[in-house]
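A short write-up of the structure that comes next.
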There are 2 protein chains.
Amino acid sequence: MPADKLADLAALLADRTRARFCLTLMDGRAWTSSELATAAGVTASTASEHLTRLVAAGFLTERRQGRHRYVQLAGRRQADLLEHLLAYVGPAQPEKTLRATAASAALARGRTCYDHLAGRLGVAITDAMSDRDLLDDDLTLTDRGLAWLTDALDFTPPRGRRPVAKPCLDWTERRSHLAGAAGAHICAHLRARGWVKNIGTGRAVKVTPLGEEALRDLLGLAPL
Amino acid sequence: MPADKLADLAALLADRTRARFCLTLMDGRAWTSSELATAAGVTASTASEHLTRLVAAGFLTERRQGRHRYVQLAGRRQADLLEHLLAYVGPAQPEKTLRATAASAALARGRTCYDHLAGRLGVAITDAMSDRDLLDDDLTLTDRGLAWLTDALDFTPPRGRRPVAKPCLDWTERRSHLAGAAGAHICAHLRARGWVKNIGTGRAVKVTPLGEEALRDLLGLAPL
DNA sequence: CGAAAACTTCGGCGCGGGCCGAAGCGTCAC
DNA sequence: GTGACGCTTCGGCCCGCGCCGAAGTTTTCG
């Protein structure tokens with residue numbers, strides 16, 4: 001019965017603590033059990049039980065390393081699903097505290113979404129690439145786009161079945177931005193060059209002065 | 001906190017009975033409370049409470065008519081969300097009973113998805129339209145496509161903001177098929193002409209002999 | 001080696017929620 | 001009006017589960 005599987009999947013995310021874990025993990029990085037526990041405001045034992053359940057359901061993967069248990073979103077499918085759910089509940093409405101406002105403004109400006117860039121930054125890069133005919137309307141890579149990525153950004157297309165470029169729904173912008181191998185490569189490349197940096201401990205990112213210059217040169221992108 | 005809203009949304013669907021209700025309502029039609037109760041195998045009182053909750057959350061809409069309470073999926077956003085969740089849990093794996101096998105085979109062959117056609121039938125129509133340059137790669141309507149719909153199928157584009165054509169993910173085929181106003185129109189048109197008919201009480205549909213002929217003439221579609 | 005750190009397991013508490021049956025209320029048919 | 005019907009409300013049952021603290025295991029560090 002597909003309804004039962006649907007209910008089981010929903011039940012997995014139908015808890016505030018587990019939902020917080022998943023959202024925290026949306027940055028695509030691996031977190032330890034205790035990091036997630038403090039981030040969500042529960043004790044270590046509670047976190048341990050939740051993680052066991054999320055891993056058992058295949059939603060997260062774990063890697064034991066010494067006395068640490070690192071967990072990560074299991075893959076892009078899970079990240080996609082979370083994005084769709086977030087898009088449904090809608091962008092966070094006006095916040096109460098100043099700190100929360102600043103934090104969510106930073107998130108809206110630019111962040112990582114699993115392994116690629118999202119927020120206004122992600123959408124702006126996607127738009128700039130579309131304007132220069134590097135992307136099609138459906139966010140697949142054009143020949144020009146492939147050449148550009150290869151030449152300017154040292155991209156080599158993956159050998160596996162992973163789509164090179166595909167759209168990902170953005171829950172603050174309500175627009176599609178570039179995901180897939182190309183999106184991931186761009187994110188990694190900009191990070192490696194020091195063109196974008198993480199802000200704080202979350203998944204918000206900011207463009208460095210160096211990065212603004214580079215993005216202007218590469219894509220004619222004005223500072224956000 | 002967006003995580004809390006995510007958890008609340010998931011909790012809404014994290015019950016087998018409510019999940020069954022929603023899946024039953026995926027045919028886009030309105031059902032009465034007692035119909036859903038028997039379909040899901042619960043008493044009237046239990047169904048009433050679940051429906052109240054789903055309506056309060058804005059997931060369903062209700063229409064009181066005499067002594068009946070008709071409920072319906074609130075809109076396309078809800079249907080889309082359910083499709084994505086179903087796509088994640090995957091197509092139903094091999095069934096136990098013969099009756100279940102036949103029923104799910106019929107569903108895979110052709111069904112309605114909220115207001116348009118899905119399953120192999122929906123995908124086949126979408127593919128045939130793409131082959132004839134009526135649709136772009138991203139399943140938007142080409143000029144030829146709009147002309148074809150208007151001439152052959154009495155289509156008039158809606159005045160509102162509803163997209164004329166857009167992709168919808170198919171949870172059995174794992175492919176996109178045509179949704180949006182054009183998809184809904186095609187479904188309604190085929191049904192009105194008696195080219196497709198509902199099978200039984202669910203959302204499975206079959207193509208009539210008349211319909212097979214018409215689809216061959218219109219789109220060069222071979223019988224499924 | 002001993003102590004500290006990260007995590008897990010277990011017992012127990014309390015709450016929420018899913019279910020039903022019985023009773024009540026409005027609506028329709030005769 | 002009278003009865004049947006569809007639905008809702010209420011009380012009560014019970015299970016599941018989210019949480020914690022305490023104790024136990026494994027690894028690291030000095």
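Each chain in the structure tokens gets a letter, A, B, ..., in the order shown, and its residues are numbered from 1; ligands are numbered from 1 in order too.
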May I ask you to extract the residues of chain C within 12 Å of chain B, using only C-alpha atoms (C1' of nucleotides), and to give them as a list in words?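 For chain C, the answer reads DG17, DG18, DC19, DC20, DG21, DA22, DC25, DG26, DT27 and DC28 of chain C.
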Within range 60-204 of chain B, find each residue whose DSSP state, derived from the backbone, is helix (DSSP H, G or I), and express the selection as a VMD selection string. chain B and resid 76 to 89 98 to 109 119 to 131 143 to 153 180 to 192
Output C-alpha atoms for every residue in that selection, as a compact mmCIF listing (two decimals), in the first residue's frame.
# COMPACT_ATOMS: atom_id res chain seq x y z
CA ARG B 76 -2.38 21.94 -7.34
CA ARG B 77 0.26 22.78 -4.76
CA GLN B 78 -1.01 20.01 -2.52
CA ALA B 79 -1.25 17.55 -5.40
CA ASP B 80 2.28 18.42 -6.50
CA LEU B 81 3.60 17.91 -3.02
CA LEU B 82 2.01 14.49 -2.78
CA GLU B 83 3.44 13.49 -6.14
CA HIS B 84 6.92 14.42 -4.96
CA LEU B 85 6.53 12.43 -1.78
CA LEU B 86 5.23 9.45 -3.74
CA ALA B 87 8.10 9.74 -6.18
CA TYR B 88 10.47 9.55 -3.24
CA VAL B 89 9.01 6.41 -1.71
CA LEU B 98 -3.77 -10.96 -7.91
CA ARG B 99 -6.40 -8.30 -7.44
CA ALA B 100 -3.85 -5.83 -6.13
CA THR B 101 -1.57 -6.60 -9.07
CA ALA B 102 -4.33 -5.95 -11.56
CA ALA B 103 -5.34 -2.75 -9.82
CA SER B 104 -1.83 -1.34 -9.67
CA ALA B 105 -1.17 -2.37 -13.25
CA ALA B 106 -4.22 -0.42 -14.30
CA LEU B 107 -2.99 2.56 -12.31
CA ALA B 108 0.42 2.36 -13.95
CA ARG B 109 -1.17 2.15 -17.37
CA GLY B 119 0.86 6.98 -15.85
CA ARG B 120 2.06 5.46 -19.12
CA LEU B 121 -0.84 7.14 -20.91
CA GLY B 122 0.10 10.58 -19.63
CA VAL B 123 3.75 10.07 -20.46
CA ALA B 124 2.94 8.68 -23.92
CA ILE B 125 0.82 11.70 -24.79
CA THR B 126 3.53 14.01 -23.52
CA ASP B 127 6.18 12.20 -25.55
CA ALA B 128 4.06 12.23 -28.69
CA MET B 129 3.53 15.96 -28.31
CA SER B 130 7.24 16.51 -27.82
CA ASP B 131 8.00 14.45 -30.93
CA ASP B 143 3.62 28.08 -30.90
CA ARG B 144 2.74 24.99 -32.93
CA GLY B 145 1.51 23.35 -29.76
CA LEU B 146 -0.75 26.23 -28.86
CA ALA B 147 -2.19 26.28 -32.37
CA TRP B 148 -2.76 22.53 -32.27
CA LEU B 149 -4.53 22.67 -28.93
CA THR B 150 -6.69 25.55 -30.07
CA ASP B 151 -7.64 24.04 -33.43
CA ALA B 152 -7.94 20.38 -32.64
CA LEU B 153 -9.01 20.44 -29.00
CA GLY B 180 -0.92 22.88 -16.14
CA ALA B 181 -3.95 24.30 -17.93
CA ALA B 182 -3.12 22.44 -21.14
CA GLY B 183 -2.77 19.12 -19.33
CA ALA B 184 -6.05 19.66 -17.54
CA HIS B 185 -7.76 20.62 -20.77
CA ILE B 186 -6.56 17.53 -22.58
CA CYS B 187 -7.81 15.34 -19.76
CA ALA B 188 -11.20 17.03 -19.66
CA HIS B 189 -11.51 16.98 -23.44
CA LEU B 190 -10.69 13.28 -23.81
CA ARG B 191 -13.09 12.48 -21.04
CA ALA B 192 -15.89 14.61 -22.54
Pull the closest atom pair for each residue of chain A that gets at most 7 Å from chain B, along with the distance in Å to one decimal, counting only C-alpha atoms, ordering rows by chain and then ascending residue number, as JSON lines.
{"residue": "A:Pro2", "atom": "CA", "partner": "B:Ala92", "partner_atom": "CA", "distance": 6.1}
{"residue": "A:Ala3", "atom": "CA", "partner": "B:Arg20", "partner_atom": "CA", "distance": 5.2}
{"residue": "A:Asp4", "atom": "CA", "partner": "B:Arg16", "partner_atom": "CA", "distance": 5.3}
{"residue": "A:Lys5", "atom": "CA", "partner": "B:Val89", "partner_atom": "CA", "distance": 6.5}
{"residue": "A:Leu6", "atom": "CA", "partner": "B:Leu86", "partner_atom": "CA", "distance": 6.5}
{"residue": "A:Ala7", "atom": "CA", "partner": "B:Ala14", "partner_atom": "CA", "distance": 4.3}
{"residue": "A:Asp8", "atom": "CA", "partner": "B:Ala14", "partner_atom": "CA", "distance": 6.3}
{"residue": "A:Ala10", "atom": "CA", "partner": "B:Ala14", "partner_atom": "CA", "distance": 4.6}
{"residue": "A:Ala11", "atom": "CA", "partner": "B:Ala14", "partner_atom": "CA", "distance": 4.4}
{"residue": "A:Leu13", "atom": "CA", "partner": "B:Ala10", "partner_atom": "CA", "distance": 5.8}
{"residue": "A:Ala14", "atom": "CA", "partner": "B:Ala7", "partner_atom": "CA", "distance": 4.3}
{"residue": "A:Asp15", "atom": "CA", "partner": "B:Ala7", "partner_atom": "CA", "distance": 5.2}
{"residue": "A:Arg16", "atom": "CA", "partner": "B:Asp4", "partner_atom": "CA", "distance": 5.3}
{"residue": "A:Ala19", "atom": "CA", "partner": "B:Ala3", "partner_atom": "CA", "distance": 5.3}
{"residue": "A:Arg20", "atom": "CA", "partner": "B:Ala3", "partner_atom": "CA", "distance": 5.2}
{"residue": "A:Leu23", "atom": "CA", "partner": "B:Ala3", "partner_atom": "CA", "distance": 6.7}
{"residue": "A:Leu85", "atom": "CA", "partner": "B:Leu6", "partner_atom": "CA", "distance": 6.8}
{"residue": "A:Leu86", "atom": "CA", "partner": "B:Leu6", "partner_atom": "CA", "distance": 6.5}
{"residue": "A:Val89", "atom": "CA", "partner": "B:Lys5", "partner_atom": "CA", "distance": 6.6}
{"residue": "A:Ala92", "atom": "CA", "partner": "B:Pro2", "partner_atom": "CA", "distance": 6.3}
{"residue": "A:Asp138", "atom": "CA", "partner": "B:Asp138", "partner_atom": "CA", "distance": 5.1}
Near DC29 in chain D, counting only C-alpha atoms (C1' of nucleotides), which residues have an atom at most 10 Å away, once you skip same-chain residues fewer than 6 positions from it, shown as number ranges by chain? C: 3-5
Closest atom pairs, residues of chain D within 9 Å of chain A, only C-alpha atoms (C1' of nucleotides), as CSV:
residue,atom,partner,partner_atom,distance
D:DG18,C1',A:Thr46,CA,8.1
D:DC19,C1',A:Thr46,CA,6.9
D:DC20,C1',A:Thr43,CA,7.7
D:DT26,C1',A:Arg67,CA,7.1
D:DT27,C1',A:Arg67,CA,5.2
D:DT28,C1',A:Arg67,CA,7.8
